[in-house]
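> Here it is, the structure in full.
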Amino acid sequence: MNAHRPVLYKEIIHALQPQRGGHYVDGTLGAGGHARGILEACSPDGFLLGLDVDPQALALARETLAPYEGRVHLVQASYISMAEQLAALKWDAVDGIVLDLGASSMQFDNAERGFSFMQDGPLDMRFGPHALQSAADLVNSLPERDLADLIFEYGEDRDSRKIARAIVEHRPLHTTRELVAVIEKASPRRGDRLHPATQTFQALRIAVNDELAAVQKTLPQAVAALRSGGRLAVISFHSLEDRIVKEYFRDQNKDIVNPPYEQIYEEERKAVVKLVNKKPILPSEEEIQENPRARSAKLRVIEKL
Ligand SMILES: C[S@@+](CC[C@H](N)C(=O)[O-])C[C@H]1O[C@@H](n2cnc3c(N)ncnc32)[C@H](O)[C@@H]1O
């Protein structure tokens with residue numbers, strides 16, 4: 001299995017500018033690539049809290065980060081618990097946080113995890129044991145209409161209804177190959193750039209791991225945890241996630257002032273962050289050539305005021 005290559009690695013280190021003695025959080029450790037870069041850059045006395053829900057990722061990150069023992073705290077936990085984890089360490093404010101969302105290469109490439117429509121494996125797709133339902137649970141239990149809505153909403157697939165109907169007709173489905181065969185028949189799309197199963201697999205993965213809600217609940221915690229001048233860097237891999245990040249960053253970047261004589265008042269406040277880049281940072285052509293999985297990555301960075 002290939003180890004995960006950190007996406008936008010130089011850009012993340014440049015964005016966070018880790019300093020000696022600083023405190024950093026990597027909410028999505030994976031193989032520990034970004035975490036190692038941060039620890040190197042804040043040597044010899046900077047600290048890192050690393051989180052991942054996947055015990056296999058954590059074991060790998062533990063190996064990668066062994067040389068930094070004493071400066072790293074690794075916890076098998078969701079980034080949703082960031083505030084709680086920081087409180088446990090008594091870190092009042094941190095200098096930088098990275099979230100590199102989605103699945104790692106180790107997860108995609110391991111057929112047993114069920115993330116890939118290119119390999120046969122059980123319909124699982126859980127990032128970690130915290131997820132209550134597997135993809136098989138959803139596929140085999142949701143009413144047709146809910147399944148269609150899920151594929152439309154999280155996969156933005158125009159054939160969501162056809163696919164949902166075919167799934168319901170053929171279930172129970174237990175393996176990725178069975179699901180792919182059903183989708184290919186219901187929505188053949190010859191000549192399309194995307195494989196017909198791409199969007200349904202994305203939709204199921206998002207639903208199984210409640211990914212969008214997780215990001216929504218975590219961004220405010222991350223902003224609250226930053227010290228003034230501290231930075232949050234988020235890499236997203238699809239437009240649904242990127243929209244959440246973009247809108248939250250924009251919201252935190254504006255002053256809220258109520259116009260006079262307005263009936264409904266929002267709590268007034270000054271902007272909380274500044275946008276480090278107006279536009280998202282994208283991987284270079286060179287990076288995409290070396291690592292095609294980087295192609296849909298978008299990095300957004302904010303700095304706490
Ligand atoms: C793209 S990989 C990160 C790769 C990492 N930056 C590196 O350099 O190796 C995303 C990781 O986030 C983890 N993850 C997904 N959802 C999570 C959550 N809610 N909390 C913590 N980790 C999560 C996945 O298990 C996966 O290992």
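Naming works like this for the structure tokens: A, B, ... for the chains as they're shown, residue 1 at the start of each chain, ligands 1 onward in shown order.
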Write out as a ChimeraX atom specification which residues come within 12 Å of stretch 104-119 of chain A when counting only C-alpha atoms, dropping same-chain ones fewer than 6 positions away.

/A:1-7,28-33,52,54-58,60-61,125-129,134-136,174-184,194-206,208-209,237,291-294

> How close does each residue of stretch 150-267 of chain A get to stretch 78-93 of chain A, giving the shortest atom pair and distance in Å to one decimal for every residue with an atom at most 9 Å away, counting only C-alpha atoms, sorted by chain and residue number, as JSON lines?


{"residue": "A:Ala214", "atom": "CA", "partner": "A:Ile80", "partner_atom": "CA", "distance": 6.0}
{"residue": "A:Val215", "atom": "CA", "partner": "A:Ile80", "partner_atom": "CA", "distance": 7.7}
{"residue": "A:Lys217", "atom": "CA", "partner": "A:Ile80", "partner_atom": "CA", "distance": 6.4}
{"residue": "A:Thr218", "atom": "CA", "partner": "A:Ile80", "partner_atom": "CA", "distance": 5.1}
{"residue": "A:Leu219", "atom": "CA", "partner": "A:Ile80", "partner_atom": "CA", "distance": 8.8}
{"residue": "A:Gln221", "atom": "CA", "partner": "A:Ala83", "partner_atom": "CA", "distance": 6.0}
{"residue": "A:Ala222", "atom": "CA", "partner": "A:Met82", "partner_atom": "CA", "distance": 7.4}
{"residue": "A:Ala224", "atom": "CA", "partner": "A:Ala93", "partner_atom": "CA", "distance": 8.3}
{"residue": "A:Ala225", "atom": "CA", "partner": "A:Ala93", "partner_atom": "CA", "distance": 5.2}
{"residue": "A:Leu226", "atom": "CA", "partner": "A:Ala93", "partner_atom": "CA", "distance": 5.3}
{"residue": "A:Arg227", "atom": "CA", "partner": "A:Ala93", "partner_atom": "CA", "distance": 4.9}
{"residue": "A:Ser228", "atom": "CA", "partner": "A:Ala93", "partner_atom": "CA", "distance": 8.7}
{"residue": "A:Gly230", "atom": "CA", "partner": "A:Ala93", "partner_atom": "CA", "distance": 8.7}

> Generate a file of the selected residues that holds N, CA, C and O atoms, formatted as a PDB file, in the first residue's frame.


ATOM      1  N   ALA A 214     -19.473  17.633  10.371  1.00  0.00           N
ATOM      2  CA  ALA A 214     -18.234  17.625  11.165  1.00  0.00           C
ATOM      3  C   ALA A 214     -17.428  18.898  10.880  1.00  0.00           C
ATOM      4  O   ALA A 214     -16.936  19.556  11.802  1.00  0.00           O
ATOM      5  N   VAL A 215     -17.326  19.261   9.602  1.00  0.00           N
ATOM      6  CA  VAL A 215     -16.568  20.468   9.247  1.00  0.00           C
ATOM      7  C   VAL A 215     -17.271  21.702   9.822  1.00  0.00           C
ATOM      8  O   VAL A 215     -16.642  22.576  10.427  1.00  0.00           O
ATOM      9  N   LYS A 217     -19.162  21.967  12.404  1.00  0.00           N
ATOM     10  CA  LYS A 217     -19.048  22.073  13.867  1.00  0.00           C
ATOM     11  C   LYS A 217     -17.621  22.392  14.301  1.00  0.00           C
ATOM     12  O   LYS A 217     -17.400  22.866  15.418  1.00  0.00           O
ATOM     13  N   THR A 218     -16.653  22.081  13.455  1.00  0.00           N
ATOM     14  CA  THR A 218     -15.255  22.232  13.875  1.00  0.00           C
ATOM     15  C   THR A 218     -14.688  23.614  13.580  1.00  0.00           C
ATOM     16  O   THR A 218     -13.884  24.135  14.362  1.00  0.00           O
ATOM     17  N   LEU A 219     -15.099  24.231  12.462  1.00  0.00           N
ATOM     18  CA  LEU A 219     -14.503  25.521  12.093  1.00  0.00           C
ATOM     19  C   LEU A 219     -14.627  26.563  13.223  1.00  0.00           C
ATOM     20  O   LEU A 219     -13.638  27.233  13.543  1.00  0.00           O
ATOM     21  N   GLN A 221     -14.781  26.082  16.397  1.00  0.00           N
ATOM     22  CA  GLN A 221     -13.862  25.689  17.472  1.00  0.00           C
ATOM     23  C   GLN A 221     -12.430  26.053  17.114  1.00  0.00           C
ATOM     24  O   GLN A 221     -11.647  26.493  17.961  1.00  0.00           O
ATOM     25  N   ALA A 222     -12.091  25.854  15.838  1.00  0.00           N
ATOM     26  CA  ALA A 222     -10.727  26.137  15.397  1.00  0.00           C
ATOM     27  C   ALA A 222     -10.451  27.635  15.489  1.00  0.00           C
ATOM     28  O   ALA A 222      -9.415  28.055  16.017  1.00  0.00           O
ATOM     29  N   ALA A 224     -11.944  29.786  17.372  1.00  0.00           N
ATOM     30  CA  ALA A 224     -11.910  30.167  18.794  1.00  0.00           C
ATOM     31  C   ALA A 224     -10.584  29.771  19.436  1.00  0.00           C
ATOM     32  O   ALA A 224     -10.095  30.456  20.344  1.00  0.00           O
ATOM     33  N   ALA A 225      -9.988  28.686  18.960  1.00  0.00           N
ATOM     34  CA  ALA A 225      -8.762  28.184  19.606  1.00  0.00           C
ATOM     35  C   ALA A 225      -7.515  28.976  19.210  1.00  0.00           C
ATOM     36  O   ALA A 225      -6.492  28.901  19.897  1.00  0.00           O
ATOM     37  N   LEU A 226      -7.588  29.732  18.104  1.00  0.00           N
ATOM     38  CA  LEU A 226      -6.384  30.430  17.630  1.00  0.00           C
ATOM     39  C   LEU A 226      -6.057  31.641  18.493  1.00  0.00           C
ATOM     40  O   LEU A 226      -6.958  32.385  18.895  1.00  0.00           O
ATOM     41  N   ARG A 227      -4.789  31.857  18.713  1.00  0.00           N
ATOM     42  CA  ARG A 227      -4.386  33.122  19.337  1.00  0.00           C
ATOM     43  C   ARG A 227      -4.410  34.185  18.249  1.00  0.00           C
ATOM     44  O   ARG A 227      -4.442  33.854  17.052  1.00  0.00           O
ATOM     45  N   SER A 228      -4.335  35.445  18.666  1.00  0.00           N
ATOM     46  CA  SER A 228      -4.293  36.513  17.686  1.00  0.00           C
ATOM     47  C   SER A 228      -3.036  36.332  16.819  1.00  0.00           C
ATOM     48  O   SER A 228      -1.947  36.119  17.346  1.00  0.00           O
ATOM     49  N   GLY A 230      -2.670  33.779  14.892  1.00  0.00           N
ATOM     50  CA  GLY A 230      -2.614  32.352  14.568  1.00  0.00           C
ATOM     51  C   GLY A 230      -3.383  32.065  13.284  1.00  0.00           C
ATOM     52  O   GLY A 230      -4.259  32.836  12.880  1.00  0.00           O
TER      53      GLY A 230
END

> What gap, in Å, lies between atom CA of A:Lys254 and atom CA of A:Leu275?

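Atom CA of A:Leu275 lies at a distance of 10.2 Å from atom CA of A:Lys254.
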
> Just to confirm, what's the straight-line distance from atom CA of A:Lys185 to atom CA of A:Asp137 in Å (one decimal)?

21.8 Å

> Looking only at strand (DSSP E or B) from DSSP on the backbone, list the matching residues of stretch 55-249 of chain A as a PDB file with N, CA, C and O atoms, in the first residue's frame.


ATOM      1  N   VAL A  72       4.878  15.712  20.741  1.00  0.00           N
ATOM      2  CA  VAL A  72       3.612  15.400  20.063  1.00  0.00           C
ATOM      3  C   VAL A  72       2.641  14.693  20.992  1.00  0.00           C
ATOM      4  O   VAL A  72       3.036  13.847  21.802  1.00  0.00           O
ATOM      5  N   HIS A  73       1.380  15.037  20.856  1.00  0.00           N
ATOM      6  CA  HIS A  73       0.298  14.320  21.536  1.00  0.00           C
ATOM      7  C   HIS A  73      -0.601  13.804  20.433  1.00  0.00           C
ATOM      8  O   HIS A  73      -1.167  14.605  19.683  1.00  0.00           O
ATOM      9  N   LEU A  74      -0.713  12.490  20.328  1.00  0.00           N
ATOM     10  CA  LEU A  74      -1.560  11.919  19.280  1.00  0.00           C
ATOM     11  C   LEU A  74      -2.763  11.263  19.943  1.00  0.00           C
ATOM     12  O   LEU A  74      -2.611  10.494  20.884  1.00  0.00           O
ATOM     13  N   VAL A  75      -3.945  11.576  19.427  1.00  0.00           N
ATOM     14  CA  VAL A  75      -5.173  11.066  20.037  1.00  0.00           C
ATOM     15  C   VAL A  75      -6.082  10.512  18.950  1.00  0.00           C
ATOM     16  O   VAL A  75      -6.279  11.164  17.916  1.00  0.00           O
ATOM     17  N   GLN A  76      -6.618   9.326  19.199  1.00  0.00           N
ATOM     18  CA  GLN A  76      -7.624   8.788  18.266  1.00  0.00           C
ATOM     19  C   GLN A  76      -8.958   9.442  18.605  1.00  0.00           C
ATOM     20  O   GLN A  76      -9.654   9.020  19.533  1.00  0.00           O
ATOM     21  N   VAL A  94      -3.723  28.425  20.340  1.00  0.00           N
ATOM     22  CA  VAL A  94      -2.718  27.768  19.497  1.00  0.00           C
ATOM     23  C   VAL A  94      -2.315  28.683  18.345  1.00  0.00           C
ATOM     24  O   VAL A  94      -3.026  29.630  18.005  1.00  0.00           O
ATOM     25  N   ASP A  95      -1.159  28.362  17.755  1.00  0.00           N
ATOM     26  CA  ASP A  95      -0.577  29.217  16.718  1.00  0.00           C
ATOM     27  C   ASP A  95      -0.999  28.807  15.318  1.00  0.00           C
ATOM     28  O   ASP A  95      -0.918  29.615  14.396  1.00  0.00           O
ATOM     29  N   GLY A  96      -1.390  27.553  15.154  1.00  0.00           N
ATOM     30  CA  GLY A  96      -1.765  27.123  13.809  1.00  0.00           C
ATOM     31  C   GLY A  96      -2.522  25.818  13.843  1.00  0.00           C
ATOM     32  O   GLY A  96      -2.284  24.973  14.720  1.00  0.00           O
ATOM     33  N   ILE A  97      -3.458  25.690  12.894  1.00  0.00           N
ATOM     34  CA  ILE A  97      -4.275  24.467  12.808  1.00  0.00           C
ATOM     35  C   ILE A  97      -4.375  24.085  11.342  1.00  0.00           C
ATOM     36  O   ILE A  97      -4.609  24.949  10.483  1.00  0.00           O
ATOM     37  N   VAL A  98      -4.209  22.779  11.063  1.00  0.00           N
ATOM     38  CA  VAL A  98      -4.442  22.314   9.697  1.00  0.00           C
ATOM     39  C   VAL A  98      -5.519  21.241   9.701  1.00  0.00           C
ATOM     40  O   VAL A  98      -5.560  20.382  10.597  1.00  0.00           O
ATOM     41  N   LEU A  99      -6.412  21.351   8.715  1.00  0.00           N
ATOM     42  CA  LEU A  99      -7.407  20.299   8.453  1.00  0.00           C
ATOM     43  C   LEU A  99      -7.260  19.930   6.979  1.00  0.00           C
ATOM     44  O   LEU A  99      -7.425  20.795   6.110  1.00  0.00           O
ATOM     45  N   ASP A 100      -6.913  18.683   6.739  1.00  0.00           N
ATOM     46  CA  ASP A 100      -6.729  18.185   5.364  1.00  0.00           C
ATOM     47  C   ASP A 100      -7.839  17.155   5.189  1.00  0.00           C
ATOM     48  O   ASP A 100      -7.688  15.995   5.549  1.00  0.00           O
ATOM     49  N   PRO A 122     -15.786  -4.898   1.027  1.00  0.00           N
ATOM     50  CA  PRO A 122     -17.064  -4.704   1.717  1.00  0.00           C
ATOM     51  C   PRO A 122     -17.495  -3.250   1.622  1.00  0.00           C
ATOM     52  O   PRO A 122     -16.654  -2.352   1.594  1.00  0.00           O
ATOM     53  N   THR A 175     -21.050  -5.623  -1.409  1.00  0.00           N
ATOM     54  CA  THR A 175     -19.680  -5.282  -1.817  1.00  0.00           C
ATOM     55  C   THR A 175     -19.675  -4.089  -2.761  1.00  0.00           C
ATOM     56  O   THR A 175     -20.686  -3.756  -3.388  1.00  0.00           O
ATOM     57  N   LEU A 226      -7.588  29.732  18.104  1.00  0.00           N
ATOM     58  CA  LEU A 226      -6.384  30.430  17.630  1.00  0.00           C
ATOM     59  C   LEU A 226      -6.057  31.641  18.493  1.00  0.00           C
ATOM     60  O   LEU A 226      -6.958  32.385  18.895  1.00  0.00           O
ATOM     61  N   ARG A 227      -4.789  31.857  18.713  1.00  0.00           N
ATOM     62  CA  ARG A 227      -4.386  33.122  19.337  1.00  0.00           C
ATOM     63  C   ARG A 227      -4.410  34.185  18.249  1.00  0.00           C
ATOM     64  O   ARG A 227      -4.442  33.854  17.052  1.00  0.00           O
ATOM     65  N   SER A 228      -4.335  35.445  18.666  1.00  0.00           N
ATOM     66  CA  SER A 228      -4.293  36.513  17.686  1.00  0.00           C
ATOM     67  C   SER A 228      -3.036  36.332  16.819  1.00  0.00           C
ATOM     68  O   SER A 228      -1.947  36.119  17.346  1.00  0.00           O
ATOM     69  N   GLY A 229      -3.208  36.372  15.503  1.00  0.00           N
ATOM     70  CA  GLY A 229      -2.076  36.138  14.586  1.00  0.00           C
ATOM     71  C   GLY A 229      -1.923  34.668  14.207  1.00  0.00           C
ATOM     72  O   GLY A 229      -1.158  34.339  13.312  1.00  0.00           O
ATOM     73  N   GLY A 230      -2.670  33.779  14.892  1.00  0.00           N
ATOM     74  CA  GLY A 230      -2.614  32.352  14.568  1.00  0.00           C
ATOM     75  C   GLY A 230      -3.383  32.065  13.284  1.00  0.00           C
ATOM     76  O   GLY A 230      -4.259  32.836  12.880  1.00  0.00           O
ATOM     77  N   ARG A 231      -3.051  30.964  12.636  1.00  0.00           N
ATOM     78  CA  ARG A 231      -3.651  30.685  11.319  1.00  0.00           C
ATOM     79  C   ARG A 231      -4.322  29.316  11.247  1.00  0.00           C
ATOM     80  O   ARG A 231      -3.856  28.352  11.857  1.00  0.00           O
ATOM     81  N   LEU A 232      -5.406  29.290  10.486  1.00  0.00           N
ATOM     82  CA  LEU A 232      -6.123  28.042  10.204  1.00  0.00           C
ATOM     83  C   LEU A 232      -6.044  27.783   8.700  1.00  0.00           C
ATOM     84  O   LEU A 232      -6.383  28.665   7.903  1.00  0.00           O
ATOM     85  N   ALA A 233      -5.586  26.591   8.333  1.00  0.00           N
ATOM     86  CA  ALA A 233      -5.458  26.216   6.919  1.00  0.00           C
ATOM     87  C   ALA A 233      -6.306  24.983   6.675  1.00  0.00           C
ATOM     88  O   ALA A 233      -6.158  23.980   7.374  1.00  0.00           O
ATOM     89  N   VAL A 234      -7.212  25.073   5.699  1.00  0.00           N
ATOM     90  CA  VAL A 234      -8.103  23.938   5.421  1.00  0.00           C
ATOM     91  C   VAL A 234      -7.984  23.536   3.953  1.00  0.00           C
ATOM     92  O   VAL A 234      -8.148  24.375   3.054  1.00  0.00           O
ATOM     93  N   ILE A 235      -7.710  22.251   3.735  1.00  0.00           N
ATOM     94  CA  ILE A 235      -7.689  21.717   2.365  1.00  0.00           C
ATOM     95  C   ILE A 235      -8.975  20.924   2.163  1.00  0.00           C
ATOM     96  O   ILE A 235      -9.271  20.010   2.940  1.00  0.00           O
ATOM     97  N   SER A 236      -9.737  21.282   1.133  1.00  0.00           N
ATOM     98  CA  SER A 236     -10.942  20.507   0.825  1.00  0.00           C
ATOM     99  C   SER A 236     -10.786  19.886  -0.560  1.00  0.00           C
ATOM    100  O   SER A 236      -9.962  20.336  -1.365  1.00  0.00           O
TER     101      SER A 236
END

> Between atom CA of A:Glu69 and atom CA of A:Gly27, measure the distance and give it in Å to one decimal.

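Atom CA of A:Gly27 lies 18.2 Å from atom CA of A:Glu69.
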
> Quick one: residues within 6 Å of A:Ala148, only C-alpha atoms, excluding same-chain residues fewer than 2 positions away - as number ranges by chain?

A: 145-146, 150-151, 160-161, 164

> Identify, on the basis of only C-alpha atoms, every residue whose closest approach to A:Ile256 does not exceed 7 Å; exclude the query and any residue fewer than 3 positions from it along the same chain; express the result as a list in words.

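Once the nearby chain positions are removed, what remains is Glu268, Arg269 and Lys270 of chain A.
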
> Next, dump the selected residues to file, keeping only N, CA and C atoms, as a PDB file, in the first residue's frame.


ATOM      1  N   GLU A 268     -23.728  42.643  17.199  1.00  0.00           N
ATOM      2  CA  GLU A 268     -22.711  43.364  16.437  1.00  0.00           C
ATOM      3  C   GLU A 268     -21.334  42.884  16.839  1.00  0.00           C
ATOM      4  N   ARG A 269     -20.457  42.810  15.873  1.00  0.00           N
ATOM      5  CA  ARG A 269     -19.067  42.467  16.181  1.00  0.00           C
ATOM      6  C   ARG A 269     -18.175  42.897  15.028  1.00  0.00           C
ATOM      7  N   LYS A 270     -16.903  43.025  15.359  1.00  0.00           N
ATOM      8  CA  LYS A 270     -15.894  43.312  14.339  1.00  0.00           C
ATOM      9  C   LYS A 270     -15.491  41.993  13.687  1.00  0.00           C
TER      10      LYS A 270
END

> Could you give me, as number ranges by chain, the residues within 6 Å of A:Ala271, counting only C-alpha atoms and dropping anything in the same chain fewer than 2 positions from it?

A: 252-255, 273

> Just the residues within 10 Å of A:Ser284, please, counting only C-alpha atoms, with nothing from its chain fewer than 6 positions along; format it as an NGL selection string.

:A and (8 or 290 or 294-295)

> Since we have the selection now, will you write its residues out, keeping C-alpha atoms, as a short mmCIF file (atom, residue, chain, number, x, y, z; two decimals), in the first residue's frame?


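Saved to result-v2.cif:
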data_model
loop_
_atom_site.label_atom_id
_atom_site.label_comp_id
_atom_site.auth_asym_id
_atom_site.auth_seq_id
_atom_site.Cartn_x
_atom_site.Cartn_y
_atom_site.Cartn_z
CA LEU A 8 -0.01 21.14 -0.89
CA GLU A 290 3.30 13.65 -9.50
CA ALA A 294 -4.07 16.44 -5.52
CA ARG A 295 -5.99 17.69 -8.57
#

> List as a PDB file with N, CA and C atoms, in the first residue's frame the protein and nucleic acid residues near A:Gly37, meaning an atom at most 9 Å away when only C-alpha atoms are counted, but skip any in the same chain fewer than 3 places from it.


ATOM      1  N   TYR A   9       1.893  20.431   0.398  1.00  0.00           N
ATOM      2  CA  TYR A   9       2.765  20.376   1.588  1.00  0.00           C
ATOM      3  C   TYR A   9       3.491  21.706   1.834  1.00  0.00           C
ATOM      4  N   LYS A  10       4.170  22.191   0.791  1.00  0.00           N
ATOM      5  CA  LYS A  10       4.950  23.433   0.970  1.00  0.00           C
ATOM      6  C   LYS A  10       4.005  24.588   1.309  1.00  0.00           C
ATOM      7  N   ILE A  12       1.159  24.453   2.862  1.00  0.00           N
ATOM      8  CA  ILE A  12       0.676  24.381   4.259  1.00  0.00           C
ATOM      9  C   ILE A  12       1.747  24.923   5.212  1.00  0.00           C
ATOM     10  N   ILE A  13       2.993  24.535   4.991  1.00  0.00           N
ATOM     11  CA  ILE A  13       4.058  25.014   5.883  1.00  0.00           C
ATOM     12  C   ILE A  13       4.199  26.532   5.717  1.00  0.00           C
ATOM     13  N   GLY A  32       0.726  11.424   8.709  1.00  0.00           N
ATOM     14  CA  GLY A  32       1.562  12.332   9.493  1.00  0.00           C
ATOM     15  C   GLY A  32       2.491  13.201   8.655  1.00  0.00           C
ATOM     16  N   GLY A  33       2.233  13.302   7.355  1.00  0.00           N
ATOM     17  CA  GLY A  33       3.109  14.081   6.477  1.00  0.00           C
ATOM     18  C   GLY A  33       3.121  15.569   6.819  1.00  0.00           C
ATOM     19  N   HIS A  34       1.941  16.182   6.889  1.00  0.00           N
ATOM     20  CA  HIS A  34       1.893  17.606   7.243  1.00  0.00           C
ATOM     21  C   HIS A  34       2.414  17.806   8.666  1.00  0.00           C
ATOM     22  N   GLU A  40       9.028  19.749  12.213  1.00  0.00           N
ATOM     23  CA  GLU A  40      10.376  20.143  11.773  1.00  0.00           C
ATOM     24  C   GLU A  40      10.522  21.652  11.863  1.00  0.00           C
ATOM     25  N   ALA A  41       9.506  22.337  11.313  1.00  0.00           N
ATOM     26  CA  ALA A  41       9.602  23.794  11.197  1.00  0.00           C
ATOM     27  C   ALA A  41       9.554  24.487  12.561  1.00  0.00           C
ATOM     28  N   CYS A  42       8.916  23.861  13.559  1.00  0.00           N
ATOM     29  CA  CYS A  42       8.860  24.530  14.880  1.00  0.00           C
ATOM     30  C   CYS A  42       9.873  23.904  15.842  1.00  0.00           C
TER      31      CYS A  42
END

> Hey, which of A:Ser141, A:Ser187, A:Asn258, A:Thr64 ends up closest to ligand 1? Count only C-alpha atoms and all ligand atoms.

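So, comparing all the options, the nearest one is A:Thr64.
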
> Pick the closest to ligand 1 from A:Ala59, A:Val25, A:Ala77, A:Leu173: which is it, counting only C-alpha atoms and all ligand atoms?

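Using only C-alpha atoms and all ligand atoms, ligand 1 sits closest to A:Ala77.
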